[in-house]
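Student: Structure provided below as structure tokens; questions to follow.
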Amino acid sequence: MAATLKKFQEEVCAGIVARFDNVRSLYAQLSASAPARLADARKQDAALVLQAPTGAGKTLIAVEAMRRTSAKERVLWFWFAPFTGLVAQSRKVIAAQAPELALLDLDSDRHLESVRSGGVFVVTWASLAARNAESRRARQAGDNGQAIDDVIALARQEGVRIGCVVDEAHHGFQRAAQARAFFSEVLQPDYALLMTATPRDTDMATFERATGYTVGEPADWASVSRFHAVDAGLLKQGVRVVRFIARDGDSAQLVDFERLALRECAAMHHRIVDELRMQGVALTPLMLVQVPDGKAAQETARRFLVEELGFAESAVRVHTADEPDPDLLSLAQDPTVEVLVFKMAVALGFDAPRAFTLAALRGARDVGFGVQVIGRIVRRHALLQPRSNLPPLLDHGYVFLANSESQEGLLQAGAQINTLTTQAPELGTQTVVTVIGDAAQVQVVRSGEPLSLLVSSAGVSVVDTTADTEAEIATGADTHADLSGTPFQGFAAATQGLLQMQGGFAAAEPAVRDDVVTAFVLAQDALHRYPRRSDAPAALRGEKLPPVSADFEAGLAAHVDFSPEVLADRFRTRVQVQRVEAGLFDGHRLAETGEDIWASVSPAAVAERAEQIRLRLPEANDRDLYQRLLARFLASIEQLGADVPGDEEEQMQQLDLVLVRRPHLLRDAYRRMRHQQVVDIDVPLPVEMASHQRLVGARRGLYGAFPPDLNTDEQAIAALLDASPLVRWWHRNPSRTGAGLYRWDEGDGFYPDFVVCMEGRPGSGLALLEVKGEHLWGKDSEVEKAAAVHPDYGAVFMVGRKRGERDFTFLRELNGKLQSAGAFSIDRLRFP
């Protein structure tokens, strides 16, 4: 029985039909005056976009538009369903809504006699425009009939118009080159209705470029407002989005957000079950679980739902096909199925009117993902549509996000859907036929463009500049520089001579020997030498960390502090997170409410994090270290008088949890062991500094010159040191070869930038100074250097300045960052 269109649906449908009526009138005018321009008119005026939220009745509107258009002329329609599983459903709707339209079969009705009066083929793009056997059969003549290409051409010769409806136009059609070619080269529709649930779909621009068919601007399209669909009882009032936020980055890496989303989603599902029972509605709600591709993810979700959340095994079904098929549709409507697990790849295009809740595991962040998620749970079931006083719990859909960042795609999708208004398409066409005397001219006039009343018959010339460009490139000047006559030529000759020498220097040609000697003399003369000051020591004191011993892993495990307090962390398997809920259509984050809940940690995430902590000790063999740690860990539990887990996997999980809960445990053990092995050494100071370039003189520099490798901040500090009478001399301490410190971390050497000999400083008079750029003030490894202390020279002074500022400040560690500790003063370096 045909359904009666709602008022808003009637408005849109009537507008589509009126638009097609105008196009039909244009075709009649062109057939009489300019038949050669019919193909151009199709591309300019035949295509129309219908955008509407899922569940607002796009299919019903399109079928009714087909029926009314076909009542005025013969039209052979092609209805393209996005997936094979939707073909039968679409045929069912067409048969009920438009029984006068002949439903044609691609296998048996490929004959002119079958299509001469019009009708509709319900197909997929794969059945007509793909490289598979089904498509090849349909497009070749055989026992079942003629090739569909020929049927279309013959029908058009007989005066039958060709129409098409593309359901979910943003999906497979846009991605398949064969589909685009079939549309523009074979089908060449006189009427094309492109339906999409993705508002203002950018794929429409791709459609125009690929097919040559113009669809115009969104303001010209037919569209349906979500609010009208809600008022009509077709859609739920809204969608609530629930996400989970850990209190800090460390906790976020440990929480099993997927299990948490499933647990919270299941709790909401059971609340809805109870509410439906209280309302006397005989409906089993459906919980959707959207998982990443891969059978492992599907099976993990199914097992958790059954074993942990208590669903009956028969009530949880997993759909594994690559695209929605009849099995998926039947599962979505089977009242014995409470939970449907499906892949993200098949989120498009299938109806699930029983669905209220959806757990999205590792969802994408794009708007398309958001639109599809909304579409799966936003419909009102037929049993609930007549009710005007539904409780809020039953008049909303609920999305639980395992990945909180997915909310961005949902929020953007909700905002876009909210902007849709119910509007009929722009009437009229872009093609205008102007008749002057016996001549007819055709113009394309888009919105906002003027119409020319004086039409010239001159053609449009297209200038191809490709040949000129290629010729210019072919005759262009050589871009290689000519180095002849420059100083580089002599050095190049000398280098070439060295490469050609065989049999020793004496065997070379005289000219080659002269070039080589000249080159080396020049090189020697270019080397500038700067001797060390006479009042400076010949060596500095530094530290050295010897290589690890053969029993390093055993020693490290022995130094780990497995105290009772530390061991208690093996049972801390929960983390507190914030549950944040917001109304999707209530505005961007304007209606969020939150509460603290407990979430279980993920054993896999804990194991991965524990491995990362161990791998920070590059000297250790991780396999050997882990075995020794496990043995020591279990022995410590036994010494505590507690029960040792009998299962090896549980033992490893508890050890991993302790390592993660106490991320400094291994680090502290390493320090205790390795710092005992650090030795003090003498670091010789070179007798001179050599440079191929003349350096700027430095009055108090150890070598009488400013080193060439100083950055901007280091140059500024060196200039201040050089100008201060409190400084006897200063030295740029080279990394890795200078005076290093090793008693401050897990083994990385720290080489402060400057060694400064100060007037009046006790002891050796030497102070260490480190210059730190602002971009490093928050980096953990750099912050820790602020606590480094030299056994002879004392604590390292750390200084820096903010970007754009002139003056430096002393730096100290505060709240995990380097922060200002007063203005920099050279006088301060005199005091340890």
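In the structure tokens, chains take the letters A, B, ... in the order shown, each chain's residues start at 1, and ligands count up from 1 in the order shown.
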Within 7 Å of segment 374-378 of chain A, counting only C-alpha atoms, which residues qualify if same-chain residues fewer than 2 places away don't, as a PyMOL selection string?
Tutor: chain A and resi 54+235-236+351-352+355-357+370-372+380+397
Student: Wanna dump the segment 120-223 of chain A-segment 23-30 of chain A contacts at 10 Å for me, each residue with its shortest atom pair and the distance in Å to one decimal, counting only C-alpha atoms, ordered by chain and number, as a Markdown table?
Tutor:
```
| residue | atom | partner | partner_atom | distance |
| --- | --- | --- | --- | --- |
| A:Arg161 | CA | A:Arg24 | CA | 9.4 |
| A:Asp190 | CA | A:Val23 | CA | 8.3 |
| A:Tyr191 | CA | A:Val23 | CA | 8.2 |
```
Student: At a cut-off of 12 Å, using only C-alpha atoms, what residues contact Phe824 of chain A? Leave out same-chain residues fewer than 2 positions from it and give the result as a JSON list (two decimals) with N, CA and C atoms, in the first residue's frame.
Tutor:
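Result written to selection_16.json:
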```json
[["chain", "number", "residue", "atom", "x", "y", "z"],
["A", 717, "ILE", "N", 76.01, 35.04, 25.78],
["A", 717, "ILE", "CA", 76.59, 34.73, 27.09],
["A", 717, "ILE", "C", 78.12, 34.84, 27.03],
["A", 720, "LEU", "N", 79.19, 38.38, 27.28],
["A", 720, "LEU", "CA", 79.08, 38.91, 28.64],
["A", 720, "LEU", "C", 80.25, 38.42, 29.51],
["A", 721, "LEU", "N", 80.60, 37.15, 29.37],
["A", 721, "LEU", "CA", 81.72, 36.61, 30.13],
["A", 721, "LEU", "C", 83.03, 37.31, 29.74],
["A", 769, "LEU", "N", 78.54, 26.39, 33.47],
["A", 769, "LEU", "CA", 77.40, 27.20, 33.05],
["A", 769, "LEU", "C", 76.76, 26.57, 31.82],
["A", 771, "VAL", "N", 73.62, 26.98, 28.93],
["A", 771, "VAL", "CA", 72.66, 27.89, 28.31],
["A", 771, "VAL", "C", 71.55, 27.05, 27.69],
["A", 797, "PHE", "N", 75.27, 25.98, 36.87],
["A", 797, "PHE", "CA", 74.37, 27.13, 36.71],
["A", 797, "PHE", "C", 73.67, 27.00, 35.35],
["A", 798, "MET", "N", 72.34, 27.15, 35.36],
["A", 798, "MET", "CA", 71.58, 27.06, 34.12],
["A", 798, "MET", "C", 70.91, 28.41, 33.86],
["A", 799, "VAL", "N", 71.11, 28.93, 32.64],
["A", 799, "VAL", "CA", 70.55, 30.24, 32.30],
["A", 799, "VAL", "C", 69.84, 30.14, 30.95],
["A", 800, "GLY", "N", 68.97, 31.11, 30.70],
["A", 800, "GLY", "CA", 68.25, 31.18, 29.43],
["A", 800, "GLY", "C", 67.45, 32.45, 29.35],
["A", 801, "ARG", "N", 66.84, 32.66, 28.21],
["A", 801, "ARG", "CA", 65.96, 33.82, 28.04],
["A", 801, "ARG", "C", 64.82, 33.43, 27.12],
["A", 806, "ARG", "N", 65.84, 40.25, 25.56],
["A", 806, "ARG", "CA", 67.28, 40.52, 25.50],
["A", 806, "ARG", "C", 68.01, 39.95, 26.70],
["A", 807, "ASP", "N", 67.41, 40.06, 27.90],
["A", 807, "ASP", "CA", 68.10, 39.71, 29.13],
["A", 807, "ASP", "C", 67.91, 38.24, 29.48],
["A", 808, "PHE", "N", 68.95, 37.67, 30.11],
["A", 808, "PHE", "CA", 68.92, 36.28, 30.55],
["A", 808, "PHE", "C", 68.51, 36.20, 32.02],
["A", 809, "THR", "N", 67.99, 35.04, 32.39],
["A", 809, "THR", "CA", 67.67, 34.76, 33.79],
["A", 809, "THR", "C", 68.28, 33.42, 34.18],
["A", 810, "PHE", "N", 68.53, 33.26, 35.49],
["A", 810, "PHE", "CA", 68.88, 31.94, 35.97],
["A", 810, "PHE", "C", 67.62, 31.06, 35.91],
["A", 811, "LEU", "N", 67.81, 29.77, 35.71],
["A", 811, "LEU", "CA", 66.70, 28.84, 35.60],
["A", 811, "LEU", "C", 66.78, 27.80, 36.71],
["A", 820, "SER", "N", 62.09, 30.76, 35.56],
["A", 820, "SER", "CA", 63.00, 31.84, 35.94],
["A", 820, "SER", "C", 63.25, 31.85, 37.44],
["A", 821, "ALA", "N", 64.55, 32.07, 37.81],
["A", 821, "ALA", "CA", 64.93, 32.15, 39.22],
["A", 821, "ALA", "C", 65.74, 33.41, 39.47],
["A", 822, "GLY", "N", 65.41, 34.50, 38.81],
["A", 822, "GLY", "CA", 66.10, 35.77, 39.00],
["A", 822, "GLY", "C", 66.98, 36.13, 37.83],
["A", 826, "ILE", "N", 76.77, 37.75, 36.42],
["A", 826, "ILE", "CA", 78.04, 37.03, 36.43],
["A", 826, "ILE", "C", 78.59, 36.95, 37.85],
["A", 827, "ASP", "N", 78.32, 37.95, 38.67],
["A", 827, "ASP", "CA", 78.79, 37.95, 40.05],
["A", 827, "ASP", "C", 78.30, 36.72, 40.81],
["A", 828, "ARG", "N", 77.08, 36.25, 40.44],
["A", 828, "ARG", "CA", 76.50, 35.07, 41.12],
["A", 828, "ARG", "C", 77.37, 33.82, 40.91],
["A", 829, "LEU", "N", 78.17, 33.77, 39.84],
["A", 829, "LEU", "CA", 78.99, 32.59, 39.55],
["A", 829, "LEU", "C", 80.14, 32.44, 40.53]]
```
Student: When you count only C-alpha atoms, which of these residues is closest to Leu101 of chain A: A:Val120, A:Val658, A:Leu260, A:Met204?
Tutor: A:Val120
Student: Contacts of Ala267 of chain A at 12 Å or less, counting only C-alpha atoms, minus same-chain residues fewer than 3 places along, as a compact mmCIF listing (two decimals) with all heavy atoms, in the first residue's frame?
Tutor:
```txt
# COMPACT_ATOMS: atom_id res chain seq x y z
N LEU A 260 35.62 -0.12 28.21
CA LEU A 260 34.83 0.86 28.96
C LEU A 260 33.63 1.32 28.13
O LEU A 260 32.51 1.41 28.65
CB LEU A 260 35.72 2.05 29.32
CG LEU A 260 35.04 3.20 30.08
CD1 LEU A 260 34.44 2.71 31.39
CD2 LEU A 260 36.05 4.33 30.33
N ALA A 261 33.86 1.60 26.85
CA ALA A 261 32.76 2.01 25.98
C ALA A 261 31.72 0.90 25.85
O ALA A 261 30.51 1.16 25.89
CB ALA A 261 33.29 2.41 24.60
N LEU A 262 32.16 -0.33 25.73
CA LEU A 262 31.23 -1.46 25.64
C LEU A 262 30.44 -1.62 26.94
O LEU A 262 29.22 -1.85 26.91
CB LEU A 262 31.99 -2.75 25.34
CG LEU A 262 32.50 -2.92 23.90
CD1 LEU A 262 33.40 -4.14 23.80
CD2 LEU A 262 31.33 -3.05 22.94
N ARG A 263 31.11 -1.48 28.06
CA ARG A 263 30.43 -1.65 29.35
C ARG A 263 29.37 -0.57 29.56
O ARG A 263 28.23 -0.86 29.96
CB ARG A 263 31.47 -1.61 30.48
CG ARG A 263 30.92 -2.00 31.84
CD ARG A 263 32.00 -1.93 32.91
NE ARG A 263 33.11 -2.82 32.62
CZ ARG A 263 33.11 -4.13 32.92
NH1 ARG A 263 32.05 -4.67 33.50
NH2 ARG A 263 34.16 -4.86 32.66
N GLU A 264 29.72 0.68 29.28
CA GLU A 264 28.77 1.77 29.46
C GLU A 264 27.63 1.68 28.45
O GLU A 264 26.48 1.99 28.77
CB GLU A 264 29.50 3.11 29.31
CG GLU A 264 30.46 3.42 30.45
CD GLU A 264 29.73 3.72 31.74
OE1 GLU A 264 28.85 4.59 31.74
OE2 GLU A 264 30.03 3.06 32.76
N HIS A 270 20.54 -1.88 28.60
CA HIS A 270 19.66 -2.55 29.57
C HIS A 270 18.65 -1.56 30.16
O HIS A 270 17.49 -1.94 30.45
CB HIS A 270 20.50 -3.19 30.68
CG HIS A 270 21.32 -4.37 30.20
ND1 HIS A 270 20.78 -5.42 29.50
CD2 HIS A 270 22.65 -4.62 30.33
CE1 HIS A 270 21.73 -6.30 29.22
NE2 HIS A 270 22.87 -5.83 29.70
N ARG A 271 19.03 -0.31 30.35
CA ARG A 271 18.07 0.70 30.81
C ARG A 271 16.95 0.89 29.79
O ARG A 271 15.77 1.03 30.15
CB ARG A 271 18.78 2.03 31.04
CG ARG A 271 19.65 2.09 32.29
CD ARG A 271 20.29 3.47 32.43
NE ARG A 271 19.28 4.51 32.48
CZ ARG A 271 19.53 5.81 32.33
NH1 ARG A 271 20.78 6.21 32.09
NH2 ARG A 271 18.56 6.71 32.41
N ILE A 272 17.32 0.87 28.51
CA ILE A 272 16.31 1.04 27.45
C ILE A 272 15.39 -0.17 27.40
O ILE A 272 14.17 -0.04 27.19
CB ILE A 272 17.01 1.28 26.11
CG1 ILE A 272 17.71 2.65 26.13
CG2 ILE A 272 16.02 1.21 24.95
CD1 ILE A 272 18.61 2.90 24.94
N VAL A 273 15.95 -1.36 27.59
CA VAL A 273 15.12 -2.58 27.64
C VAL A 273 14.06 -2.45 28.73
O VAL A 273 12.87 -2.73 28.51
CB VAL A 273 16.01 -3.81 27.89
CG1 VAL A 273 15.14 -5.04 28.21
CG2 VAL A 273 16.90 -4.09 26.69
N ASP A 274 14.50 -2.01 29.92
CA ASP A 274 13.56 -1.88 31.04
C ASP A 274 12.50 -0.81 30.76
O ASP A 274 11.31 -0.99 31.07
CB ASP A 274 14.32 -1.52 32.32
CG ASP A 274 15.24 -2.64 32.78
OD1 ASP A 274 15.01 -3.79 32.36
OD2 ASP A 274 16.19 -2.35 33.53
N MET A 287 21.65 -3.11 20.15
CA MET A 287 22.91 -2.43 20.48
C MET A 287 23.89 -2.72 19.35
O MET A 287 24.18 -3.88 19.02
CB MET A 287 23.46 -2.95 21.82
CG MET A 287 24.86 -2.47 22.16
SD MET A 287 25.37 -3.10 23.80
CE MET A 287 27.15 -2.83 23.72
N LEU A 305 31.47 -9.25 25.31
CA LEU A 305 30.03 -9.06 25.47
C LEU A 305 29.38 -10.27 26.13
O LEU A 305 28.49 -10.14 26.98
CB LEU A 305 29.39 -8.79 24.12
CG LEU A 305 29.67 -7.41 23.51
CD1 LEU A 305 29.39 -7.43 22.01
CD2 LEU A 305 28.82 -6.34 24.19
N LEU A 309 30.00 -9.22 30.00
CA LEU A 309 28.81 -8.39 30.15
C LEU A 309 27.52 -9.19 30.23
O LEU A 309 26.45 -8.61 30.41
CB LEU A 309 28.73 -7.38 28.99
CG LEU A 309 29.91 -6.40 28.91
CD1 LEU A 309 29.70 -5.41 27.77
CD2 LEU A 309 30.10 -5.66 30.23
N GLY A 310 27.60 -10.50 30.06
CA GLY A 310 26.45 -11.35 30.36
C GLY A 310 25.40 -11.51 29.26
O GLY A 310 24.30 -11.99 29.54
N PHE A 311 25.68 -11.10 28.04
CA PHE A 311 24.73 -11.32 26.96
C PHE A 311 24.71 -12.80 26.58
O PHE A 311 25.75 -13.47 26.60
CB PHE A 311 25.09 -10.49 25.73
CG PHE A 311 24.78 -9.03 25.86
CD1 PHE A 311 25.76 -8.13 26.26
CD2 PHE A 311 23.51 -8.54 25.60
CE1 PHE A 311 25.50 -6.78 26.38
CE2 PHE A 311 23.23 -7.19 25.72
CZ PHE A 311 24.22 -6.31 26.11
N THR A 357 21.53 2.31 20.68
CA THR A 357 22.88 2.55 21.20
C THR A 357 23.92 2.04 20.23
O THR A 357 23.70 1.07 19.50
CB THR A 357 23.07 1.85 22.56
OG1 THR A 357 22.79 0.44 22.39
CG2 THR A 357 22.15 2.42 23.61
N LEU A 358 25.07 2.71 20.25
CA LEU A 358 26.18 2.29 19.41
C LEU A 358 27.49 2.54 20.15
O LEU A 358 27.73 3.64 20.65
CB LEU A 358 26.19 3.05 18.08
CG LEU A 358 27.27 2.64 17.07
CD1 LEU A 358 26.75 2.74 15.64
CD2 LEU A 358 28.52 3.52 17.20
N ALA A 359 28.30 1.50 20.25
CA ALA A 359 29.65 1.62 20.78
C ALA A 359 30.61 1.69 19.61
O ALA A 359 30.74 0.73 18.85
CB ALA A 359 29.99 0.44 21.69
N TYR A 398 22.21 6.92 21.41
CA TYR A 398 23.36 7.07 22.30
C TYR A 398 24.60 6.48 21.63
O TYR A 398 24.60 5.32 21.21
CB TYR A 398 23.10 6.38 23.64
CG TYR A 398 21.87 6.90 24.34
CD1 TYR A 398 20.61 6.36 24.07
CD2 TYR A 398 21.95 7.97 25.23
CE1 TYR A 398 19.47 6.85 24.68
CE2 TYR A 398 20.80 8.46 25.86
CZ TYR A 398 19.57 7.90 25.58
OH TYR A 398 18.44 8.39 26.18
N PHE A 400 28.68 5.80 22.22
CA PHE A 400 29.75 5.71 23.21
C PHE A 400 31.07 5.55 22.46
O PHE A 400 31.27 4.58 21.72
CB PHE A 400 29.51 4.52 24.15
CG PHE A 400 28.26 4.67 24.98
CD1 PHE A 400 27.02 4.33 24.47
CD2 PHE A 400 28.34 5.17 26.28
CE1 PHE A 400 25.86 4.49 25.23
CE2 PHE A 400 27.19 5.32 27.05
CZ PHE A 400 25.95 4.99 26.52
```
Student: Do you have the atom CA of Ala232 of chain A-atom CA of Leu384 of chain A distance handy?
Tutor: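 That distance, rounded to one decimal, is 11.7 Å.
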Student: Could you name the residues that touch Arg156 of chain A at 10 Å or less, counting only C-alpha atoms, but leaving out those on the same chain fewer than 5 positions away, as a list in words?
Tutor: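 After dropping sequence-adjacent residues, the list is Val75, Leu76, Arg116, Asp150, Val151, Arg161, Ile162 and Asp190 of chain A.
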Student: Would you please work out which residue, of A:Asp293, A:Asp256, A:Asp656, A:Glu714, is nearest to Gly773 of chain A when using only C-alpha atoms?
Tutor: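 When distances to Gly773 of chain A are compared using only C-alpha atoms, the smallest one comes from A:Glu714.
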Student: So which residues touch Gly760 of chain A within 12 Å, counting only C-alpha atoms, skipping near sequence neighbours fewer than 3 positions away, as a PyMOL selection string?
Tutor: chain A and resi 725-728+757+763-767+827-832
Student: Could you write out that same residue set with N, CA and C atoms as a PDB file, in the first residue's frame?
Tutor:
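In the end it all went to part-v2.pdb:
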```pdb
ATOM      1  N   PRO A 725      85.182  41.844  34.271  1.00  0.00           N
ATOM      2  CA  PRO A 725      86.465  41.768  34.985  1.00  0.00           C
ATOM      3  C   PRO A 725      86.469  40.693  36.070  1.00  0.00           C
ATOM      4  N   LEU A 726      85.295  40.145  36.407  1.00  0.00           N
ATOM      5  CA  LEU A 726      85.235  39.078  37.408  1.00  0.00           C
ATOM      6  C   LEU A 726      85.667  37.731  36.832  1.00  0.00           C
ATOM      7  N   VAL A 727      85.750  37.652  35.523  1.00  0.00           N
ATOM      8  CA  VAL A 727      86.084  36.395  34.848  1.00  0.00           C
ATOM      9  C   VAL A 727      87.575  36.401  34.517  1.00  0.00           C
ATOM     10  N   ARG A 728      88.321  35.384  34.988  1.00  0.00           N
ATOM     11  CA  ARG A 728      89.727  35.237  34.606  1.00  0.00           C
ATOM     12  C   ARG A 728      89.832  34.721  33.175  1.00  0.00           C
ATOM     13  N   CYS A 757      86.374  30.383  34.832  1.00  0.00           N
ATOM     14  CA  CYS A 757      87.267  30.598  35.978  1.00  0.00           C
ATOM     15  C   CYS A 757      86.977  31.986  36.548  1.00  0.00           C
ATOM     16  N   GLY A 763      87.918  27.247  46.186  1.00  0.00           N
ATOM     17  CA  GLY A 763      88.427  26.040  45.567  1.00  0.00           C
ATOM     18  C   GLY A 763      89.185  26.323  44.287  1.00  0.00           C
ATOM     19  N   SER A 764      88.838  25.580  43.238  1.00  0.00           N
ATOM     20  CA  SER A 764      89.525  25.722  41.953  1.00  0.00           C
ATOM     21  C   SER A 764      89.169  27.023  41.252  1.00  0.00           C
ATOM     22  N   GLY A 765      88.114  27.678  41.707  1.00  0.00           N
ATOM     23  CA  GLY A 765      87.657  28.897  41.053  1.00  0.00           C
ATOM     24  C   GLY A 765      86.834  28.643  39.807  1.00  0.00           C
ATOM     25  N   LEU A 766      86.578  27.354  39.454  1.00  0.00           N
ATOM     26  CA  LEU A 766      85.869  27.019  38.226  1.00  0.00           C
ATOM     27  C   LEU A 766      84.378  26.810  38.487  1.00  0.00           C
ATOM     28  N   ALA A 767      83.566  27.336  37.584  1.00  0.00           N
ATOM     29  CA  ALA A 767      82.101  27.158  37.635  1.00  0.00           C
ATOM     30  C   ALA A 767      81.638  26.630  36.282  1.00  0.00           C
ATOM     31  N   ASP A 827      78.321  37.947  38.672  1.00  0.00           N
ATOM     32  CA  ASP A 827      78.785  37.948  40.045  1.00  0.00           C
ATOM     33  C   ASP A 827      78.295  36.724  40.814  1.00  0.00           C
ATOM     34  N   ARG A 828      77.080  36.251  40.444  1.00  0.00           N
ATOM     35  CA  ARG A 828      76.499  35.067  41.117  1.00  0.00           C
ATOM     36  C   ARG A 828      77.369  33.823  40.909  1.00  0.00           C
ATOM     37  N   LEU A 829      78.169  33.769  39.840  1.00  0.00           N
ATOM     38  CA  LEU A 829      78.985  32.592  39.549  1.00  0.00           C
ATOM     39  C   LEU A 829      80.144  32.444  40.533  1.00  0.00           C
ATOM     40  N   ARG A 830      80.408  33.481  41.334  1.00  0.00           N
ATOM     41  CA  ARG A 830      81.502  33.392  42.303  1.00  0.00           C
ATOM     42  C   ARG A 830      81.133  32.544  43.516  1.00  0.00           C
ATOM     43  N   PHE A 831      79.827  32.277  43.663  1.00  0.00           N
ATOM     44  CA  PHE A 831      79.367  31.592  44.874  1.00  0.00           C
ATOM     45  C   PHE A 831      78.814  30.213  44.528  1.00  0.00           C
ATOM     46  N   PRO A 832      79.339  29.166  45.127  1.00  0.00           N
ATOM     47  CA  PRO A 832      78.879  27.795  44.840  1.00  0.00           C
ATOM     48  C   PRO A 832      77.407  27.625  45.199  1.00  0.00           C
TER      49      PRO A 832
END
```
Student: Fewer than 2 positions away in the same chain doesn't count, so skip those; otherwise give me all residues within 8 Å of segment 547-560 of chain A, counting only C-alpha atoms, as a PyMOL selection string.
Tutor: chain A and resi 545+562+619-621+624-625+628-629+632+665-666+668-670+672-673
Student: Write out the residues from the selection above, keeping C-alpha atoms, as a tab-separated table (two decimals), in the first residue's frame.
Tutor:
```
chain	number	residue	atom	x	y	z
A	545	LEU	CA	80.93	5.78	33.12
A	562	PHE	CA	60.30	-4.18	45.64
A	619	GLU	CA	72.56	-1.38	27.72
A	620	ALA	CA	70.22	-4.10	28.98
A	621	ASN	CA	69.17	-7.24	27.16
A	624	ASP	CA	67.22	-11.37	30.18
A	625	LEU	CA	66.29	-8.33	32.25
A	628	ARG	CA	65.46	-11.58	36.26
A	629	LEU	CA	62.94	-8.91	37.27
A	632	ARG	CA	63.00	-11.09	41.92
A	665	LEU	CA	61.46	2.13	39.76
A	666	LEU	CA	63.95	0.83	37.18
A	668	ASP	CA	66.21	4.61	40.42
A	669	ALA	CA	67.70	1.12	40.51
A	670	TYR	CA	69.91	1.97	37.55
A	672	ARG	CA	71.90	3.32	42.50
A	673	MET	CA	73.92	0.70	40.67
```
Student: Which residue is closest to Leu567 of chain A? Choose from A:Arg529, A:Arg662, A:Arg226, A:Arg616 and count only C-alpha atoms.
Tutor: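 Residue with the minimum atom-to-atom distance to Leu567 of chain A: A:Arg662.
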Student: Of the residues A:Ala65, A:Ala382, A:Leu659, A:Ala536, which is the one nearest to Arg614 of chain A, using only C-alpha atoms?
Tutor: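 Closest residue, counting only C-alpha atoms: A:Leu659.
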Student: Determine which residues of segment 12-62 of chain A DSSP labels as strand (DSSP E or B) from the backbone of this structure, then write them out as a list in words.
Tutor: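 Here is the list: Ala47, Leu48, Val49, Leu50 and Gln51 of chain A.
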Student: Go through A:Gln89, A:Gln188, A:Asn733, A:Thr336 and flag the residue nearest Arg354 of chain A, using only C-alpha atoms for the distances.
Tutor: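 Smallest separation from Arg354 of chain A among the options: A:Thr336.
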